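Undergrad: Just so it is clear, I am handing over entry04.pdb, which has PDB, C-alpha atoms.
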ATOM      1  CA  MET A 247      -3.624 -14.004 -25.370  1.00  0.00           C
ATOM      2  CA  ALA A 248      -3.663 -11.044 -23.017  1.00  0.00           C
ATOM      3  CA  ASN A 249      -0.667 -10.567 -20.761  1.00  0.00           C
ATOM      4  CA  THR A 250      -2.456 -10.556 -17.438  1.00  0.00           C
ATOM      5  CA  ILE A 251      -2.244 -11.687 -13.836  1.00  0.00           C
ATOM      6  CA  THR A 252      -5.361 -12.819 -12.014  1.00  0.00           C
ATOM      7  CA  PHE A 253      -5.818 -12.759  -8.231  1.00  0.00           C
ATOM      8  CA  THR A 254      -8.524 -15.054  -6.875  1.00  0.00           C
ATOM      9  CA  SER A 255      -9.712 -16.035  -3.432  1.00  0.00           C
ATOM     10  CA  THR A 256     -12.634 -18.061  -2.258  1.00  0.00           C
ATOM     11  CA  ARG A 257     -13.023 -15.730   0.718  1.00  0.00           C
ATOM     12  CA  GLY A 258     -15.147 -12.808  -0.438  1.00  0.00           C
ATOM     13  CA  SER A 259     -15.161 -14.152  -4.019  1.00  0.00           C
ATOM     14  CA  LEU A 260     -12.152 -12.034  -4.968  1.00  0.00           C
ATOM     15  CA  SER A 261     -11.335 -12.138  -8.668  1.00  0.00           C
ATOM     16  CA  VAL A 262      -9.274  -9.274 -10.069  1.00  0.00           C
ATOM     17  CA  THR A 263      -7.285  -9.371 -13.291  1.00  0.00           C
ATOM     18  CA  VAL A 264      -4.556  -6.804 -13.876  1.00  0.00           C
ATOM     19  CA  THR A 265      -2.314  -5.975 -16.815  1.00  0.00           C
ATOM     20  CA  PRO A 266       1.229  -5.286 -15.550  1.00  0.00           C
ATOM     21  CA  VAL A 267       3.385  -2.521 -16.931  1.00  0.00           C
ATOM     22  CA  PRO A 268       5.780  -4.279 -19.357  1.00  0.00           C
ATOM     23  CA  GLY A 269       9.038  -5.182 -17.661  1.00  0.00           C
ATOM     24  CA  SER A 270       7.754  -4.587 -14.135  1.00  0.00           C
ATOM     25  CA  LEU A 271       7.298  -8.240 -13.199  1.00  0.00           C
ATOM     26  CA  ARG A 272       9.558  -9.520 -10.424  1.00  0.00           C
ATOM     27  CA  LEU A 273       9.441 -13.151  -9.324  1.00  0.00           C
ATOM     28  CA  GLY A 274      11.290 -15.197  -6.710  1.00  0.00           C
ATOM     29  CA  GLY A 275      12.204 -15.294  -3.065  1.00  0.00           C
ATOM     30  CA  GLY A 276      10.185 -15.929   0.054  1.00  0.00           C
ATOM     31  CA  HIS A 277      11.922 -19.170   0.936  1.00  0.00           C
ATOM     32  CA  ASP A 278      12.434 -20.305   4.506  1.00  0.00           C
ATOM     33  CA  ASP A 279      16.180 -20.950   4.671  1.00  0.00           C
ATOM     34  CA  ARG A 280      17.812 -22.196   7.837  1.00  0.00           C
ATOM     35  CA  GLY A 281      21.163 -23.412   8.993  1.00  0.00           C
ATOM     36  CA  GLY A 282      24.339 -22.183   7.380  1.00  0.00           C
ATOM     37  CA  GLY A 283      27.563 -21.207   9.090  1.00  0.00           C
ATOM     38  CA  THR A 284      28.601 -24.189  11.147  1.00  0.00           C
ATOM     39  CA  LEU A 285      25.590 -26.219  10.018  1.00  0.00           C
ATOM     40  CA  PRO A 286      24.551 -27.306   6.528  1.00  0.00           C
ATOM     41  CA  GLY A 287      22.026 -24.975   4.983  1.00  0.00           C
ATOM     42  CA  VAL A 288      18.503 -26.221   4.472  1.00  0.00           C
ATOM     43  CA  ARG A 289      15.622 -24.769   2.525  1.00  0.00           C
ATOM     44  CA  ALA A 290      12.759 -25.675   4.848  1.00  0.00           C
ATOM     45  CA  GLY A 291      10.037 -23.872   2.944  1.00  0.00           C
ATOM     46  CA  TYR A 292       9.655 -23.029  -0.717  1.00  0.00           C
ATOM     47  CA  GLY A 293       8.140 -19.609  -1.315  1.00  0.00           C
ATOM     48  CA  ARG A 294       6.800 -18.013  -4.445  1.00  0.00           C
ATOM     49  CA  ASN A 295       6.888 -14.268  -4.080  1.00  0.00           C
ATOM     50  CA  GLY A 296       6.539 -11.625  -6.720  1.00  0.00           C
ATOM     51  CA  SER A 297       5.445  -8.156  -7.657  1.00  0.00           C
ATOM     52  CA  CYS A 298       4.331  -6.108 -10.621  1.00  0.00           C
ATOM     53  CA  ASP A 299       3.375  -2.524 -11.415  1.00  0.00           C
ATOM     54  CA  VAL A 300       0.071  -1.396 -12.868  1.00  0.00           C
ATOM     55  CA  VAL A 301      -1.262   1.988 -13.943  1.00  0.00           C
ATOM     56  CA  VAL A 302      -4.074   3.349 -11.814  1.00  0.00           C
ATOM     57  CA  THR A 303      -7.101   4.996 -13.337  1.00  0.00           C
ATOM     58  CA  SER A 304      -9.791   7.095 -11.708  1.00  0.00           C
ATOM     59  CA  ALA A 305     -12.494   5.612 -13.916  1.00  0.00           C
ATOM     60  CA  THR A 306     -13.588   2.101 -14.772  1.00  0.00           C
ATOM     61  CA  ALA A 307     -10.719   0.219 -16.331  1.00  0.00           C
ATOM     62  CA  ALA A 308     -10.950  -0.049 -20.092  1.00  0.00           C
ATOM     63  CA  SER A 309      -7.486  -1.238 -21.007  1.00  0.00           C
ATOM     64  CA  MET A 310      -4.195  -1.559 -19.131  1.00  0.00           C
ATOM     65  CA  GLN A 311      -5.417   0.305 -16.062  1.00  0.00           C
ATOM     66  CA  GLN A 312      -6.870  -0.621 -12.705  1.00  0.00           C
ATOM     67  CA  THR A 313      -9.209   1.363 -10.502  1.00  0.00           C
ATOM     68  CA  LEU A 314      -8.421   2.297  -6.938  1.00  0.00           C
ATOM     69  CA  ALA A 315     -11.319   0.142  -5.737  1.00  0.00           C
ATOM     70  CA  GLU A 316      -9.911  -2.898  -7.520  1.00  0.00           C
ATOM     71  CA  LEU A 317      -6.488  -2.338  -6.007  1.00  0.00           C
ATOM     72  CA  LYS A 318      -7.821  -1.822  -2.479  1.00  0.00           C
ATOM     73  CA  SER A 319      -9.813  -5.048  -2.776  1.00  0.00           C
ATOM     74  CA  LEU A 320      -6.553  -6.909  -3.415  1.00  0.00           C
ATOM     75  CA  VAL A 321      -5.024  -6.034  -0.043  1.00  0.00           C
ATOM     76  CA  SER A 322      -5.138  -9.092   2.195  1.00  0.00           C
ATOM     77  CA  PRO A 323      -7.226  -8.768   5.349  1.00  0.00           C
ATOM     78  CA  ILE A 324      -6.250 -10.184   8.730  1.00  0.00           C
ATOM     79  CA  GLY A 325      -5.912 -13.963   8.615  1.00  0.00           C
ATOM     80  CA  GLU A 326      -4.167 -16.668   6.644  1.00  0.00           C
ATOM     81  CA  GLY A 327      -3.012 -15.815   3.138  1.00  0.00           C
ATOM     82  CA  ASP A 328      -5.609 -17.223   0.774  1.00  0.00           C
ATOM     83  CA  ILE A 329      -5.109 -15.476  -2.555  1.00  0.00           C
ATOM     84  CA  ASP A 330      -4.005 -17.491  -5.568  1.00  0.00           C
ATOM     85  CA  VAL A 331      -2.022 -15.669  -8.255  1.00  0.00           C
ATOM     86  CA  ALA A 332      -1.883 -16.924 -11.842  1.00  0.00           C
ATOM     87  CA  GLY A 333      -0.567 -15.310 -14.998  1.00  0.00           C
ATOM     88  CA  ALA A 334      -1.375 -15.593 -18.682  1.00  0.00           C
ATOM     89  CA  GLY A 335       0.405 -14.681 -21.904  1.00  0.00           C
ATOM     90  CA  THR A 336       3.877 -13.334 -21.207  1.00  0.00           C
ATOM     91  CA  CYS A 337       3.038 -13.598 -17.495  1.00  0.00           C
ATOM     92  CA  ALA A 338       2.346 -17.344 -17.706  1.00  0.00           C
ATOM     93  CA  ASN A 339       5.332 -18.034 -15.418  1.00  0.00           C
ATOM     94  CA  VAL A 340       3.395 -16.455 -12.512  1.00  0.00           C
ATOM     95  CA  ASN A 341       1.897 -19.111 -10.260  1.00  0.00           C
ATOM     96  CA  ALA A 342       1.609 -18.756  -6.480  1.00  0.00           C
ATOM     97  CA  TYR A 343      -0.825 -20.034  -3.877  1.00  0.00           C
ATOM     98  CA  GLY A 344      -2.032 -18.978  -0.443  1.00  0.00           C
ATOM     99  CA  CYS A 345      -0.658 -15.497  -0.921  1.00  0.00           C
ATOM    100  CA  ILE A 346      -0.758 -12.349   1.147  1.00  0.00           C
ATOM    101  CA  VAL A 347      -1.008  -9.287  -1.095  1.00  0.00           C
ATOM    102  CA  ASP A 348       0.226  -5.727  -0.475  1.00  0.00           C
ATOM    103  CA  VAL A 349      -0.465  -2.672  -2.619  1.00  0.00           C
ATOM    104  CA  THR A 350       1.664   0.483  -2.782  1.00  0.00           C
ATOM    105  CA  ILE A 351       0.271   3.423  -4.731  1.00  0.00           C
ATOM    106  CA  GLY A 352       2.701   6.108  -5.797  1.00  0.00           C
ATOM    107  CA  GLY A 353       4.552   7.304  -8.862  1.00  0.00           C
ATOM    108  CA  ASP A 354       6.016  10.669  -9.774  1.00  0.00           C
ATOM    109  CA  SER A 355       4.508  10.868 -13.266  1.00  0.00           C
ATOM    110  CA  VAL A 356       1.203   9.084 -13.622  1.00  0.00           C
ATOM    111  CA  GLN A 357      -0.177   7.170 -10.697  1.00  0.00           C
ATOM    112  CA  THR A 358       1.041   3.596 -10.497  1.00  0.00           C
ATOM    113  CA  ALA A 359       0.552   0.799  -8.026  1.00  0.00           C
ATOM    114  CA  THR A 360       2.970  -1.919  -7.072  1.00  0.00           C
ATOM    115  CA  ILE A 361       1.204  -5.165  -6.252  1.00  0.00           C
ATOM    116  CA  ALA A 362       3.379  -7.520  -4.205  1.00  0.00           C
ATOM    117  CA  TRP A 363       2.488 -11.033  -3.151  1.00  0.00           C
ATOM    118  CA  LYS A 364       4.107 -13.638  -0.952  1.00  0.00           C
ATOM    119  CA  GLY A 365       2.899 -17.199  -1.167  1.00  0.00           C
ATOM    120  CA  SER A 366       3.981 -20.754  -1.788  1.00  0.00           C
ATOM    121  CA  TYR A 367       3.640 -23.548  -4.324  1.00  0.00           C
ATOM    122  CA  ASN A 368       0.528 -25.503  -5.255  1.00  0.00           C
ATOM    123  CA  PRO A 369      -0.047 -27.961  -2.406  1.00  0.00           C
ATOM    124  CA  ASP A 370      -2.366 -30.044  -4.596  1.00  0.00           C
ATOM    125  CA  ALA A 371       0.146 -30.579  -7.411  1.00  0.00           C
ATOM    126  CA  GLU A 372       1.284 -34.113  -8.128  1.00  0.00           C
TER     127      GLU A 372
ATOM    128  CA  MET B 245      -7.362   8.404 -18.030  1.00  0.00           C
ATOM    129  CA  ALA B 246      -4.832   7.744 -15.346  1.00  0.00           C
ATOM    130  CA  SER B 247      -4.884  10.082 -12.401  1.00  0.00           C
ATOM    131  CA  VAL B 248      -1.595  11.630 -11.337  1.00  0.00           C
ATOM    132  CA  LEU B 249      -1.421  11.548  -7.553  1.00  0.00           C
ATOM    133  CA  PRO B 250      -2.413   9.012  -4.923  1.00  0.00           C
ATOM    134  CA  PHE B 251      -3.900  11.827  -2.829  1.00  0.00           C
ATOM    135  CA  ASN B 252      -3.680  15.605  -2.610  1.00  0.00           C
ATOM    136  CA  GLU B 253      -5.872  16.490   0.353  1.00  0.00           C
ATOM    137  CA  ILE B 254      -5.552  15.530   4.004  1.00  0.00           C
ATOM    138  CA  TRP B 255      -8.402  15.770   6.472  1.00  0.00           C
ATOM    139  CA  VAL B 256      -8.079  15.028  10.181  1.00  0.00           C
ATOM    140  CA  ASP B 257     -11.201  14.445  12.260  1.00  0.00           C
ATOM    141  CA  GLY B 258     -13.343  16.105   9.611  1.00  0.00           C
ATOM    142  CA  SER B 259     -11.202  19.214   9.137  1.00  0.00           C
ATOM    143  CA  LYS B 260      -9.165  19.870   6.007  1.00  0.00           C
ATOM    144  CA  LEU B 261      -5.505  20.408   6.875  1.00  0.00           C
ATOM    145  CA  ALA B 262      -3.847  20.481   3.460  1.00  0.00           C
ATOM    146  CA  GLY B 263      -4.916  20.681  -0.171  1.00  0.00           C
ATOM    147  CA  PRO B 264      -3.383  20.426  -3.645  1.00  0.00           C
ATOM    148  CA  GLU B 265      -1.747  23.835  -3.222  1.00  0.00           C
ATOM    149  CA  ASP B 266       0.366  22.357  -0.410  1.00  0.00           C
ATOM    150  CA  PHE B 267       1.463  19.103  -2.046  1.00  0.00           C
ATOM    151  CA  ILE B 268       4.692  18.637  -3.998  1.00  0.00           C
ATOM    152  CA  TYR B 269       3.691  17.021  -7.279  1.00  0.00           C
ATOM    153  CA  GLY B 270       4.368  13.325  -7.537  1.00  0.00           C
ATOM    154  CA  SER B 271       5.575  12.887  -3.968  1.00  0.00           C
ATOM    155  CA  GLY B 272       2.643  10.988  -2.508  1.00  0.00           C
ATOM    156  CA  GLU B 273       2.718   7.308  -1.671  1.00  0.00           C
ATOM    157  CA  LEU B 274       0.065   5.133  -0.054  1.00  0.00           C
ATOM    158  CA  VAL B 275       1.244   1.783   1.314  1.00  0.00           C
ATOM    159  CA  LEU B 276      -1.407  -0.828   2.074  1.00  0.00           C
ATOM    160  CA  SER B 277       0.475  -3.640   3.742  1.00  0.00           C
ATOM    161  CA  GLY B 278       0.442  -5.421   7.080  1.00  0.00           C
ATOM    162  CA  GLU B 279       2.203  -7.003   9.988  1.00  0.00           C
ATOM    163  CA  ASP B 280       2.793 -10.555   8.795  1.00  0.00           C
ATOM    164  CA  ASN B 281       4.160 -13.829  10.060  1.00  0.00           C
ATOM    165  CA  SER B 282       4.746 -17.180   8.429  1.00  0.00           C
ATOM    166  CA  VAL B 283       4.912 -20.819   9.414  1.00  0.00           C
ATOM    167  CA  THR B 284       6.579 -23.554   7.372  1.00  0.00           C
ATOM    168  CA  THR B 285       5.076 -27.003   7.516  1.00  0.00           C
ATOM    169  CA  ALA B 286       7.070 -30.180   6.964  1.00  0.00           C
ATOM    170  CA  ASP B 287       5.973 -30.416   3.321  1.00  0.00           C
ATOM    171  CA  ALA B 288       7.991 -27.263   2.440  1.00  0.00           C
ATOM    172  CA  MET B 289       4.809 -25.184   2.293  1.00  0.00           C
ATOM    173  CA  VAL B 290       5.165 -21.638   3.588  1.00  0.00           C
ATOM    174  CA  HIS B 291       1.941 -20.483   5.259  1.00  0.00           C
ATOM    175  CA  ASN B 292       1.769 -16.694   5.434  1.00  0.00           C
ATOM    176  CA  TYR B 293      -0.446 -15.054   8.021  1.00  0.00           C
ATOM    177  CA  ARG B 294      -1.502 -11.431   8.433  1.00  0.00           C
ATOM    178  CA  VAL B 295      -1.768 -10.231  12.023  1.00  0.00           C
ATOM    179  CA  ALA B 296      -2.853  -6.697  11.212  1.00  0.00           C
ATOM    180  CA  VAL B 297      -3.286  -4.360   8.276  1.00  0.00           C
ATOM    181  CA  THR B 298      -1.013  -1.365   8.809  1.00  0.00           C
ATOM    182  CA  PRO B 299      -1.709   1.372   6.270  1.00  0.00           C
ATOM    183  CA  SER B 300       0.754   4.219   5.942  1.00  0.00           C
ATOM    184  CA  ALA B 301       1.262   7.159   3.652  1.00  0.00           C
ATOM    185  CA  SER B 302       3.907   9.746   2.886  1.00  0.00           C
ATOM    186  CA  CYS B 303       4.221  12.878   0.810  1.00  0.00           C
ATOM    187  CA  GLU B 304       6.103  16.143   0.537  1.00  0.00           C
ATOM    188  CA  MET B 305       4.585  19.556   1.133  1.00  0.00           C
ATOM    189  CA  LEU B 306       5.653  23.086   0.284  1.00  0.00           C
ATOM    190  CA  GLY B 307       6.996  25.141   3.186  1.00  0.00           C
ATOM    191  CA  ASP B 308       7.071  24.515   6.930  1.00  0.00           C
ATOM    192  CA  LYS B 309       3.939  22.519   7.755  1.00  0.00           C
ATOM    193  CA  ARG B 310       4.839  21.365  11.279  1.00  0.00           C
ATOM    194  CA  SER B 311       1.898  23.268  12.701  1.00  0.00           C
ATOM    195  CA  ILE B 312      -0.559  20.693  11.313  1.00  0.00           C
ATOM    196  CA  GLU B 313       1.092  17.587  12.720  1.00  0.00           C
ATOM    197  CA  THR B 314      -0.407  15.536  15.528  1.00  0.00           C
ATOM    198  CA  ALA B 315      -0.271  17.165  18.982  1.00  0.00           C
ATOM    199  CA  ALA B 316       1.193  20.409  17.666  1.00  0.00           C
ATOM    200  CA  PRO B 317       0.273  23.296  20.002  1.00  0.00           C
ATOM    201  CA  GLY B 318      -2.542  25.533  18.819  1.00  0.00           C
ATOM    202  CA  THR B 319      -0.257  28.521  19.175  1.00  0.00           C
ATOM    203  CA  PHE B 320       2.485  26.744  17.337  1.00  0.00           C
ATOM    204  CA  LEU B 321       5.778  28.406  18.310  1.00  0.00           C
ATOM    205  CA  THR B 322       4.998  29.680  21.788  1.00  0.00           C
ATOM    206  CA  GLY B 323       2.261  27.262  22.891  1.00  0.00           C
ATOM    207  CA  GLN B 324       2.596  24.029  24.819  1.00  0.00           C
ATOM    208  CA  ALA B 325       1.809  20.556  23.487  1.00  0.00           C
ATOM    209  CA  TRP B 326      -0.104  17.790  25.198  1.00  0.00           C
ATOM    210  CA  PRO B 327      -0.325  14.038  24.495  1.00  0.00           C
ATOM    211  CA  GLU B 328      -2.965  13.346  21.887  1.00  0.00           C
ATOM    212  CA  VAL B 329      -4.668  10.202  20.614  1.00  0.00           C
ATOM    213  CA  GLY B 330      -4.388   9.772  16.853  1.00  0.00           C
ATOM    214  CA  GLY B 331      -7.318  11.017  14.823  1.00  0.00           C
ATOM    215  CA  VAL B 332      -9.182   9.828  11.759  1.00  0.00           C
ATOM    216  CA  ILE B 333      -6.996  10.820   8.834  1.00  0.00           C
ATOM    217  CA  ALA B 334      -8.780  10.896   5.498  1.00  0.00           C
ATOM    218  CA  LEU B 335      -6.681  10.956   2.347  1.00  0.00           C
ATOM    219  CA  LYS B 336      -8.580  12.461  -0.553  1.00  0.00           C
ATOM    220  CA  TYR B 337      -8.023  13.284  -4.193  1.00  0.00           C
ATOM    221  CA  VAL B 338      -9.071  16.415  -6.051  1.00  0.00           C
ATOM    222  CA  ALA B 339      -9.195  15.463  -9.738  1.00  0.00           C
ATOM    223  CA  SER B 340      -9.495  18.976 -11.217  1.00  0.00           C
ATOM    224  CA  ARG B 341      -9.371  22.600 -10.099  1.00  0.00           C
ATOM    225  CA  GLY B 342     -12.265  23.386  -7.797  1.00  0.00           C
ATOM    226  CA  ALA B 343     -13.627  19.842  -7.896  1.00  0.00           C
ATOM    227  CA  THR B 344     -14.964  18.082  -4.829  1.00  0.00           C
ATOM    228  CA  ALA B 345     -12.435  15.726  -3.308  1.00  0.00           C
ATOM    229  CA  THR B 346     -13.108  11.999  -3.438  1.00  0.00           C
ATOM    230  CA  ASP B 347     -12.020   9.570  -0.735  1.00  0.00           C
ATOM    231  CA  VAL B 348      -8.867   7.566  -1.395  1.00  0.00           C
ATOM    232  CA  TYR B 349      -8.262   5.931   1.980  1.00  0.00           C
ATOM    233  CA  THR B 350      -9.050   6.482   5.663  1.00  0.00           C
ATOM    234  CA  ILE B 351      -6.512   5.745   8.389  1.00  0.00           C
ATOM    235  CA  TYR B 352      -7.842   5.398  11.946  1.00  0.00           C
ATOM    236  CA  GLY B 353      -5.925   6.310  15.060  1.00  0.00           C
ATOM    237  CA  GLY B 354      -3.570   8.058  12.714  1.00  0.00           C
ATOM    238  CA  ILE B 355      -0.444   9.978  13.624  1.00  0.00           C
ATOM    239  CA  LEU B 356       0.671  12.763  11.311  1.00  0.00           C
ATOM    240  CA  ASN B 357       4.421  13.392  11.536  1.00  0.00           C
ATOM    241  CA  ILE B 358       6.137  16.266   9.737  1.00  0.00           C
ATOM    242  CA  GLU B 359       9.785  17.228   9.382  1.00  0.00           C
ATOM    243  CA  TYR B 360      10.777  20.475   7.693  1.00  0.00           C
ATOM    244  CA  ASN B 361      13.905  20.841   5.555  1.00  0.00           C
ATOM    245  CA  ALA B 362      14.984  24.440   4.957  1.00  0.00           C
ATOM    246  CA  SER B 363      17.411  23.530   2.162  1.00  0.00           C
ATOM    247  CA  ASP B 364      14.572  22.972  -0.273  1.00  0.00           C
ATOM    248  CA  ASN B 365      11.755  24.565   1.720  1.00  0.00           C
ATOM    249  CA  ARG B 366       9.662  21.466   1.929  1.00  0.00           C
ATOM    250  CA  SER B 367       8.163  19.303   4.644  1.00  0.00           C
ATOM    251  CA  SER B 368       8.280  15.521   4.676  1.00  0.00           C
ATOM    252  CA  VAL B 369       4.962  14.112   5.852  1.00  0.00           C
ATOM    253  CA  SER B 370       4.444  10.582   7.135  1.00  0.00           C
ATOM    254  CA  ILE B 371       1.170   9.108   8.280  1.00  0.00           C
ATOM    255  CA  THR B 372       0.719   5.860  10.204  1.00  0.00           C
ATOM    256  CA  GLY B 373      -2.260   4.263  11.892  1.00  0.00           C
ATOM    257  CA  CYS B 374      -4.784   1.442  11.880  1.00  0.00           C
ATOM    258  CA  GLU B 375      -7.141  -0.006   9.333  1.00  0.00           C
ATOM    259  CA  THR B 376     -10.115   0.008  11.689  1.00  0.00           C
ATOM    260  CA  ALA B 377     -11.441   2.349  14.345  1.00  0.00           C
ATOM    261  CA  TYR B 378     -11.222   1.503  18.034  1.00  0.00           C
TER     262      TYR B 378
END
In structure tokens, write the structure found in this file.

TA:
Amino acid sequence: MANTITFTSTRGSLSVTVTPVPGSLRLGGGHDDRGGGTLPGVRAGYGRNGSCDVVVTSATAASMQQTLAELKSLVSPIGEGDIDVAGAGTCANVNAYGCIVDVTIGGDSVQTATIAWKGSYNPDAE
Amino acid sequence: MASVLPFNEIWVDGSKLAGPEDFIYGSGELVLSGEDNSVTTADAMVHNYRVAVTPSASCEMLGDKRSIETAAPGTFLTGQAWPEVGGVIALKYVASRGATATDVYTIYGGILNIEYNASDNRSSVSITGCETAY
């Protein structure tokens, strides 16, 4: 099974699958924590944030590379976060819903992009 | 084949201000993010919301490039500046020597800010603006 992460949204029929650079996956954070200090701490909201790096190509992706157009299409527009993120293979522990996605393109060797998402859990899960 | 820079040409309001000969290799970064807020409902669900898309970019250039930044006087050292609305800043990429540049991203109402550092003879360039034109 390919080691991929797929970004889907019903708005605009977004469906982009990327292959992260090995070892670049970061998961966790985004919780809404309150209280603390003189009050007991409480985790009011449970977030599922994450990020990964991909290699950018100037031509149509043939392997572990993503085009600039694909990456730009991932950036969330104005409005409520509506992108679902799901992984496969070694990325199967990626699972976030209602995400807002950012893309940062840089890199001092070949061109890479960092895709970061901030979302929450599956509201429909039992 | 992976390309090697996010962008290596900058155009402002249709005029080219800098090309690959000005850019420090590997210094460019294009950030496509936004101004975001979130609301947590009583079922522990965090609802993220994007108020605006706020693209920005940065890179390093060879030499003192302050004369191309926003609102710089035409006669740079002795002239006088005037307030200036941000222009349309087009970030482009030249894939090979002499090739025609292709569009990477366009920032509207963009401000080009440049700071020169004499210790390594390079200018730090930062670009901020809007996703859409007003």

Undergrad: B:Ala362, B:Pro264, B:Tyr378, B:Pro250: which is nearest Ala343 (chain B), counting all atoms listed in the file?

TA: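 Using all atoms listed in the file, the shortest distance to Ala343 (chain B) belongs to B:Pro264.
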
Undergrad: Taking the file as shown, find all residues satisfying the ChimeraX specification (/A :<6) & /B and write them as a PyMOL selection string.

TA: chain B and resi 245-250+270+272-277+284+288-290+292-296

Undergrad: Calculate how many Å separate CA of Phe320 (chain B) from CA of Asn365 (chain B), rounding to one decimal.

TA: 18.3 Å

Undergrad: Evaluate the PyMOL selection byres ((chain A and resi 269) around 12) here and jot the selected residues down as an mmCIF file with C-alpha atoms, in the frame of the given file.

TA:
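Just written: part.cif:
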data_model
loop_
_atom_site.group_PDB
_atom_site.id
_atom_site.type_symbol
_atom_site.label_atom_id
_atom_site.label_comp_id
_atom_site.auth_asym_id
_atom_site.auth_seq_id
_atom_site.Cartn_x
_atom_site.Cartn_y
_atom_site.Cartn_z
ATOM 1 C CA ASN A 249 -0.667 -10.567 -20.761
ATOM 2 C CA THR A 265 -2.314 -5.975 -16.815
ATOM 3 C CA PRO A 266 1.229 -5.286 -15.550
ATOM 4 C CA VAL A 267 3.385 -2.521 -16.931
ATOM 5 C CA PRO A 268 5.780 -4.279 -19.357
ATOM 6 C CA SER A 270 7.754 -4.587 -14.135
ATOM 7 C CA LEU A 271 7.298 -8.240 -13.199
ATOM 8 C CA ARG A 272 9.558 -9.520 -10.424
ATOM 9 C CA LEU A 273 9.441 -13.151 -9.324
ATOM 10 C CA SER A 297 5.445 -8.156 -7.657
ATOM 11 C CA CYS A 298 4.331 -6.108 -10.621
ATOM 12 C CA ASP A 299 3.375 -2.524 -11.415
ATOM 13 C CA VAL A 300 0.071 -1.396 -12.868
ATOM 14 C CA THR A 336 3.877 -13.334 -21.207
ATOM 15 C CA CYS A 337 3.038 -13.598 -17.495
#

Undergrad: Run through the PyMOL selection byres ((chain B and resi 255-257) around 6) on the given coordinates and return the selected residues as a list in words.

TA: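 When the PyMOL selection byres ((chain B and resi 255-257) around 6) is applied to the shown file, the picked residues are Ile254, Gly258, Ser259, Lys260, Leu261, Gly331, Val332, Ile333 and Ala334 of chain B.
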
Undergrad: What gap, in Å, lies between CA of Gly354 (chain B) and CA of Thr322 (chain B)?

TA: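 Distance reported for this atom pair: 25.0 Å.
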
Undergrad: From the set B:Gly307, B:Gly342, B:Pro299, B:Gly263, which residue has the shortest atom-to-atom contact distance to Glu375 (chain B), counting only C-alpha atoms?

TA: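 Nearest candidate to Glu375 (chain B) out of B:Gly307, B:Gly342, B:Pro299, B:Gly263: B:Pro299.
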
Undergrad: When you draw a straight line from CA of Thr314 (chain B) to CA of Arg366 (chain B), how long is it in Å?

TA: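 Atom-to-atom, CA of Thr314 (chain B) to CA of Arg366 (chain B), that is 17.9 Å.
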
Undergrad: Would you list the contacts of Thr250 (chain A) as a count of residues only, taking every protein, DNA or RNA residue within 6 Å and counting all atoms listed in the file, but skipping same-chain residues closer than 4 positions in sequence?

TA: 4

Undergrad: Could you pull out every residue with an atom within 10 Å of (-9.5, 7.6, 2.9), file coordinates, counting all atoms listed in the file, and send them as an MDAnalysis selection string?

TA: chainID B and resid 251 253:255 332:337 346:352

Undergrad: With all atoms listed in the file as the basis for distance, which of B:Asp287, B:Ala339, B:Ile355, B:Cys303 is at the shortest distance from Pro327 (chain B)?

TA: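 Among B:Asp287, B:Ala339, B:Ile355, B:Cys303, it is B:Ile355 that comes nearest to Pro327 (chain B).
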
Undergrad: With all atoms listed in the file as the counted atoms, please give the residues lying no more than 9 Å from Phe253 (chain A), apart from itself and same-chain residues fewer than 2 positions off, as an mmCIF file with C-alpha atoms, in the coordinates of the input.

TA:
data_model
loop_
_atom_site.group_PDB
_atom_site.id
_atom_site.type_symbol
_atom_site.label_atom_id
_atom_site.label_comp_id
_atom_site.auth_asym_id
_atom_site.auth_seq_id
_atom_site.Cartn_x
_atom_site.Cartn_y
_atom_site.Cartn_z
ATOM 1 C CA ILE A 251 -2.244 -11.687 -13.836
ATOM 2 C CA SER A 255 -9.712 -16.035 -3.432
ATOM 3 C CA LEU A 260 -12.152 -12.034 -4.968
ATOM 4 C CA SER A 261 -11.335 -12.138 -8.668
ATOM 5 C CA VAL A 262 -9.274 -9.274 -10.069
ATOM 6 C CA THR A 263 -7.285 -9.371 -13.291
ATOM 7 C CA VAL A 264 -4.556 -6.804 -13.876
ATOM 8 C CA LEU A 320 -6.553 -6.909 -3.415
ATOM 9 C CA ILE A 329 -5.109 -15.476 -2.555
ATOM 10 C CA ASP A 330 -4.005 -17.491 -5.568
ATOM 11 C CA VAL A 331 -2.022 -15.669 -8.255
ATOM 12 C CA ALA A 332 -1.883 -16.924 -11.842
ATOM 13 C CA GLY A 333 -0.567 -15.310 -14.998
#
